[in-house]
Each structure stands twice: as structure tokens, then as C-alpha cells.
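Okay, start.csv is below, CSV, C-alpha atoms and all ligand atoms:
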chain,number,residue,atom,x,y,z
Z,1,MET,CA,0.0,0.0,0.0
Z,2,LYS,CA,1.2,3.5,-0.7
Z,3,GLN,CA,2.7,5.2,2.3
Z,4,THR,CA,0.9,8.3,3.5
Z,5,ASP,CA,3.5,9.4,6.0
Z,6,GLY,CA,7.2,9.2,6.0
Z,7,PRO,CA,9.6,9.4,3.1
Z,8,VAL,CA,8.5,8.9,-0.6
Z,9,SER,CA,10.0,5.6,-1.6
Z,10,VAL,CA,11.4,5.1,-5.1
Z,11,LEU,CA,12.7,1.8,-6.6
Z,12,PHE,CA,14.6,2.0,-9.9
Z,13,VAL,CA,14.5,-1.2,-11.9
Z,14,CYS,CA,16.3,-2.6,-14.9
Z,15,LEU,CA,17.0,-6.1,-16.2
Z,16,GLY,CA,20.2,-7.0,-14.4
Z,17,ASN,CA,20.5,-4.3,-11.7
Z,18,ILE,CA,24.2,-3.9,-12.7
Z,19,CYS,CA,24.1,-1.1,-15.3
Z,20,ARG,CA,21.2,1.4,-15.5
Z,21,SER,CA,19.3,1.1,-12.2
Z,22,PRO,CA,22.3,1.3,-9.9
Z,23,LEU,CA,23.3,4.4,-11.8
Z,24,ALA,CA,19.8,5.8,-11.5
Z,25,GLU,CA,19.8,5.1,-7.8
Z,26,GLY,CA,23.1,6.9,-7.3
Z,27,VAL,CA,22.3,9.8,-9.5
Z,28,PHE,CA,18.9,10.4,-8.1
Z,29,ARG,CA,20.3,10.1,-4.5
Z,30,GLN,CA,22.9,12.8,-5.4
Z,31,ALA,CA,20.2,15.1,-6.9
Z,32,VAL,CA,18.1,14.7,-3.8
Z,33,ARG,CA,21.2,15.5,-1.6
Z,34,ASN,CA,22.0,18.5,-3.8
Z,35,HIS,CA,18.5,19.8,-3.2
Z,36,GLY,CA,18.8,19.3,0.5
Z,37,CYS,CA,15.9,16.9,0.8
Z,38,THR,CA,17.6,13.6,1.7
Z,39,ASN,CA,15.1,12.9,4.5
Z,40,ARG,CA,12.1,13.1,2.1
Z,41,PHE,CA,13.1,10.0,0.1
Z,42,HIS,CA,13.9,6.3,0.4
Z,43,ILE,CA,15.8,5.2,-2.7
Z,44,ASP,CA,16.8,1.8,-3.9
Z,45,SER,CA,17.3,-0.3,-7.1
Z,46,ALA,CA,16.7,-3.9,-8.2
Z,47,GLY,CA,16.6,-6.0,-11.3
Z,48,THR,CA,13.8,-8.1,-12.8
Z,49,GLY,CA,16.4,-10.8,-13.3
Z,50,GLY,CA,18.7,-12.3,-10.6
Z,51,TRP,CA,21.8,-13.4,-12.5
Z,52,HIS,CA,24.0,-10.8,-10.9
Z,53,SER,CA,22.5,-10.9,-7.3
Z,54,GLY,CA,25.2,-10.0,-4.7
Z,55,SER,CA,27.6,-8.5,-7.2
Z,56,PRO,CA,28.6,-4.9,-7.3
Z,57,PRO,CA,27.5,-2.8,-10.3
Z,58,ASP,CA,29.2,-3.1,-13.7
Z,59,PRO,CA,32.6,-1.4,-13.6
Z,60,ARG,CA,31.5,0.8,-16.5
Z,61,SER,CA,28.6,2.2,-14.4
Z,62,VAL,CA,30.9,2.6,-11.4
Z,63,ALA,CA,33.3,4.5,-13.7
Z,64,VAL,CA,30.8,6.9,-15.3
Z,65,ALA,CA,29.3,7.7,-11.9
Z,66,ARG,CA,32.8,8.4,-10.5
Z,67,ARG,CA,33.6,10.7,-13.4
Z,68,HIS,CA,30.6,12.7,-12.3
Z,69,GLY,CA,31.5,12.7,-8.6
Z,70,ILE,CA,29.2,9.9,-7.5
Z,71,ASP,CA,30.2,6.7,-5.7
Z,72,ILE,CA,28.0,3.7,-6.5
Z,73,SER,CA,30.7,1.1,-5.8
Z,74,ASP,CA,29.1,-0.1,-2.5
Z,75,GLN,CA,25.8,-1.1,-4.1
Z,76,LEU,CA,25.0,-4.8,-4.4
Z,77,CYS,CA,22.7,-6.1,-7.2
Z,78,ARG,CA,19.5,-7.7,-6.1
Z,79,LYS,CA,16.4,-9.1,-7.8
Z,80,ILE,CA,13.0,-7.4,-7.1
Z,81,THR,CA,10.9,-9.2,-4.5
Z,82,ALA,CA,7.1,-9.5,-4.0
Z,83,ASP,CA,7.4,-7.2,-0.9
Z,84,ASP,CA,9.0,-4.5,-3.0
Z,85,PHE,CA,5.7,-4.1,-4.9
Z,86,SER,CA,3.9,-3.3,-1.7
Z,87,GLN,CA,6.6,-1.3,0.0
Z,88,PHE,CA,7.6,1.2,-2.7
Z,89,ASP,CA,5.5,4.2,-3.7
Z,90,TYR,CA,7.1,4.4,-7.2
Z,91,ILE,CA,8.6,1.5,-9.1
Z,92,LEU,CA,10.4,2.9,-12.1
Z,93,GLY,CA,11.5,0.8,-15.1
Z,94,MET,CA,14.1,1.9,-17.6
Z,95,ASP,CA,12.6,0.5,-20.8
Z,96,HIS,CA,9.3,-1.1,-22.0
Z,97,ASP,CA,10.6,-4.6,-21.4
Z,98,ASN,CA,11.3,-3.8,-17.8
Z,99,ILE,CA,7.7,-2.5,-17.5
Z,100,ALA,CA,6.3,-5.7,-19.1
Z,101,ASN,CA,8.4,-7.8,-16.7
Z,102,LEU,CA,7.3,-5.7,-13.7
Z,103,ARG,CA,3.6,-6.0,-14.6
Z,104,ALA,CA,3.9,-9.7,-15.0
Z,105,ALA,CA,5.6,-10.1,-11.6
Z,106,ALA,CA,3.5,-7.6,-9.6
Z,107,PRO,CA,1.2,-9.5,-7.2
Z,108,GLY,CA,-1.2,-6.6,-6.9
Z,109,ASN,CA,-2.1,-3.4,-8.7
Z,110,HIS,CA,0.2,-1.8,-11.3
Z,111,GLY,CA,-0.6,1.8,-10.6
Z,112,HIS,CA,2.8,2.6,-9.1
Z,113,ILE,CA,4.8,1.0,-12.0
Z,114,HIS,CA,6.0,3.6,-14.4
Z,115,LEU,CA,8.6,4.1,-17.2
Z,116,PHE,CA,11.1,6.3,-15.3
Z,117,LEU,CA,11.4,9.0,-18.0
Z,118,ASP,CA,7.7,8.9,-18.8
Z,119,LEU,CA,7.0,9.9,-15.2
Z,120,ALA,CA,9.9,12.4,-15.2
Z,121,PHE,CA,9.3,14.1,-18.7
Z,122,GLY,CA,5.8,13.1,-19.5
Z,123,ARG,CA,7.1,11.4,-22.7
Z,124,PRO,CA,7.6,7.6,-23.0
Z,125,VAL,CA,11.4,7.7,-23.5
Z,126,GLU,CA,13.4,4.5,-22.9
Z,127,ILE,CA,16.9,4.3,-21.4
Z,128,ALA,CA,18.8,2.0,-23.8
Z,129,ASP,CA,20.6,-1.0,-22.2
Z,130,PRO,CA,24.3,-0.1,-22.5
Z,131,TYR,CA,25.5,-3.6,-21.4
Z,132,TYR,CA,26.7,-4.9,-24.8
Z,133,GLY,CA,28.0,-1.6,-26.1
Z,134,GLY,CA,31.0,0.6,-25.4
Z,135,SER,CA,31.6,3.2,-22.7
Z,136,GLY,CA,29.7,5.9,-24.8
Z,137,GLY,CA,26.5,4.1,-24.0
Z,138,PHE,CA,27.1,4.5,-20.3
Z,139,GLU,CA,27.9,8.2,-20.7
Z,140,GLU,CA,24.6,8.6,-22.6
Z,141,ALA,CA,22.7,6.6,-20.0
Z,142,TYR,CA,24.3,8.9,-17.3
Z,143,ARG,CA,23.3,12.1,-19.2
Z,144,ILE,CA,19.6,11.1,-19.6
Z,145,ILE,CA,19.4,9.7,-16.0
Z,146,ARG,CA,20.8,13.0,-14.7
Z,147,GLU,CA,18.2,15.0,-16.6
Z,148,GLY,CA,15.4,12.6,-15.6
Z,149,SER,CA,16.4,12.7,-12.0
Z,150,GLU,CA,16.2,16.5,-11.9
Z,151,ALA,CA,12.8,16.4,-13.6
Z,152,LEU,CA,11.5,13.6,-11.3
Z,153,LEU,CA,12.5,15.6,-8.3
Z,154,GLU,CA,10.3,18.5,-9.5
Z,155,LYS,CA,7.4,16.1,-9.8
Z,156,LEU,CA,7.6,14.2,-6.5
Z,201,LIG,P1,21.0,-3.5,-16.9
Z,201,LIG,O1,21.9,-4.2,-18.1
Z,201,LIG,O2,19.6,-4.1,-17.1
Z,201,LIG,O3,21.0,-2.1,-17.2
Z,201,LIG,O4,21.7,-3.9,-15.6
Z,201,LIG,C1,22.1,-5.6,-18.2
Z,201,LIG,C2,23.0,-6.2,-17.4
Z,201,LIG,C3,23.2,-7.6,-17.6
Z,201,LIG,C4,22.5,-8.3,-18.6
Z,201,LIG,C5,21.5,-7.6,-19.3
Z,201,LIG,C6,21.3,-6.3,-19.2
Z,201,LIG,N1,22.7,-9.7,-18.7
Z,201,LIG,O5,22.1,-10.2,-19.7
Z,201,LIG,O6,23.4,-10.3,-18.0

Would you give me this structure, written as C-alpha cells?
Amino acid sequence: MKQTDGPVSVLFVCLGNICRSPLAEGVFRQAVRNHGCTNRFHIDSAGTGGWHSGSPPDPRSVAVARRHGIDISDQLCRKITADDFSQFDYILGMDHDNIANLRAAAPGNHGHIHLFLDLAFGRPVEIADPYYGGSGGFEEAYRIIREGSEALLEKL
């Protein structure tokens, strides 16, 4: 059930929880900190798949975050759980496949499952999976996540 008191809880979700969603967790957390509203939010990330559970984020995500002054190296990948669907106010997928996987896995209502950048920008923009590409894809993912995080903060 959606929380009425306490912090707004936001769960960023991608496929593996090693590339995009750890970056989104770190970048949004930094944006929240920069705006002086850390206490207003509970922020986490997860994957719809569990292949990388217990591992740190992809070194290319750690590197791009570090280039922009954000440390995500202490995060550990995890798979989304049934409890997450009831505990988080906003469950934000990176692409349409994530949304389909989340809707299929959700035990209850889907009203709090959104495409991250659709909620942020009001346009259904996907964040492409950079896993199989070069470092440029990670820089592009960072750039759009940064813009999306600022826009999301204005909305929540
Ligand atoms: P992510 O990227 O969903 O942004 O974490 C991926 C990471 C790993 C795999 C796919 C996507 N994989 O197939 O292992």
C-alpha cells in the first residue's frame, strides 16, 4: 500500500541491476542530496532478473558515476521481491521490457509502476541498455538519467 506518512520511496528497476538502475539510484540520490531533501526520500534499485545478485554494479557504471563525482561502488545487485511491490510508492523501469516484466511479476495493482522517463518528462522515453556496447552508452545513460532525476524531483 502507498505510504501516506514518511519518506517517498522510489525503486529504480532494470533487467540486471548492474548497469542502469544502480546508476539511477546513485544519480537520483545525489540530486536529492543537492536539493537538501535527503530525508524526504527512500531510494533503492533492483533487477527483474537475478543473474548478478550479490555483485557490485558493472565497472563501467561505477566509472561513469565516479567521473561525475558519485560513488556507487558499495551497491549490491538484487532481484526485485514481491514485498517491493507493496513497500515502494514508485517502481520505475528503464525500458518497456522492464515495465512488461514488472507488470507480470506484480502480485497486486500496477498503478505505481512507471517508465522512469515517462513519469519524469511526460514522454515515454526509454533508457537503452548499455551492457553490450562501449563506454559511450554508459555516458549517454548517465546524461539522460541525470536530466530525468532533476525532472523527477520536480514532480515528487
Ligand atoms: P541492466 O543491463 O539491465 O542495465 O543492468 C544488463 C545487465 C546484464 C544483462 C543484461 C542487461 N545480462 O544479460 O546479464

Ligand LIG 201 (chain Z): which residues are within 7 Å, counting all atoms listed in the file? Reply as JSON, numbers by chain. {"Z": [14, 15, 16, 17, 18, 19, 20, 21, 47, 51, 129, 130, 131]}

Any idea what's packed within 12 Å of Gly111 in chain Z, counting only C-alpha atoms, ignoring anything in its chain fewer than 2 positions away? Could you give it as a PDB file with C-alpha atoms, keeping the file's coordinate frame?
ATOM      1  CA  MET Z   1       0.000   0.000   0.000  1.00  0.00           C
ATOM      2  CA  LYS Z   2       1.200   3.500  -0.700  1.00  0.00           C
ATOM      3  CA  PHE Z  85       5.700  -4.100  -4.900  1.00  0.00           C
ATOM      4  CA  SER Z  86       3.900  -3.300  -1.700  1.00  0.00           C
ATOM      5  CA  PHE Z  88       7.600   1.200  -2.700  1.00  0.00           C
ATOM      6  CA  ASP Z  89       5.500   4.200  -3.700  1.00  0.00           C
ATOM      7  CA  TYR Z  90       7.100   4.400  -7.200  1.00  0.00           C
ATOM      8  CA  ILE Z  91       8.600   1.500  -9.100  1.00  0.00           C
ATOM      9  CA  LEU Z  92      10.400   2.900 -12.100  1.00  0.00           C
ATOM     10  CA  ILE Z  99       7.700  -2.500 -17.500  1.00  0.00           C
ATOM     11  CA  LEU Z 102       7.300  -5.700 -13.700  1.00  0.00           C
ATOM     12  CA  ARG Z 103       3.600  -6.000 -14.600  1.00  0.00           C
ATOM     13  CA  ALA Z 106       3.500  -7.600  -9.600  1.00  0.00           C
ATOM     14  CA  PRO Z 107       1.200  -9.500  -7.200  1.00  0.00           C
ATOM     15  CA  GLY Z 108      -1.200  -6.600  -6.900  1.00  0.00           C
ATOM     16  CA  ASN Z 109      -2.100  -3.400  -8.700  1.00  0.00           C
ATOM     17  CA  ILE Z 113       4.800   1.000 -12.000  1.00  0.00           C
ATOM     18  CA  HIS Z 114       6.000   3.600 -14.400  1.00  0.00           C
ATOM     19  CA  LEU Z 115       8.600   4.100 -17.200  1.00  0.00           C
TER      20      LEU Z 115
END

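Each of Z:Gly6, Z:Gly148, Z:Pro22, Z:Pro124 was checked against Arg60 in chain Z using all atoms listed in the file; the smallest atom-to-atom distance is that of Z:Pro22.
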
CA of Gly137 in chain Z and CA of Ser45 in chain Z, how far apart in Å? 19.7 Å

Excluding Gly54 in chain Z and its own-chain neighbours fewer than 3 positions away, which residues fall within 7 Å of it when counting all atoms listed in the file? Please give them as an NGL selection string. :Z and (76-78)

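Among the candidates Z:Ser55, Z:Ser73, Z:Phe116, Z:Asn98, the residue lying nearest to Arg146 in chain Z is Z:Phe116 (atoms considered: all atoms listed in the file).
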
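Atom to atom, CA of Pro57 in chain Z and CA of Ile72 in chain Z stand 7.5 Å apart.
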
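The shortest atom-to-atom distance to His112 in chain Z, with all atoms listed in the file taken into account, belongs to Z:Gly93 out of Z:Gly49, Z:Gly93, Z:Arg33, Z:Gly136.
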
Compare Z:Val125, Z:Val64, Z:Ile145, Z:Ala120 by their minimum atom-to-atom distance to Glu25 in chain Z, counting all atoms listed in the file, and give me the closest one. Z:Ile145

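CA of Lys155 in chain Z to CA of Val32 in chain Z spans 12.3 Å [interatomic distance, one decimal].
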
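Among the candidates Z:Ser53, Z:Ala104, Z:Gly26, Z:Ala151, the one nearest to Arg123 in chain Z when counting only C-alpha atoms is Z:Ala151.
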
Would you mind telling me which residue in Z:Ile80, Z:Ile70, Z:Ile144, Z:Ala128 lies nearest to Gln30 in chain Z when using only C-alpha atoms? Z:Ile70

Write out as a compact mmCIF listing (two decimals) with C-alpha atoms, in the coordinates of the input the residues lying within 8 Å of Tyr142 in chain Z, counting all atoms listed in the file and excluding same-chain residues fewer than 5 positions away.
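So around_7.txt came out as:
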# COMPACT_ATOMS: atom_id res chain seq x y z
CA LEU Z 23 23.30 4.40 -11.80
CA ALA Z 24 19.80 5.80 -11.50
CA VAL Z 64 30.80 6.90 -15.30
CA ALA Z 65 29.30 7.70 -11.90

Please identify all polymer residues within 9 Å of Pro7 in chain Z, counting all atoms listed in the file, omitting same-chain residues fewer than 4 positions from it, and present them as a ChimeraX atom specification. /Z:3,39-42
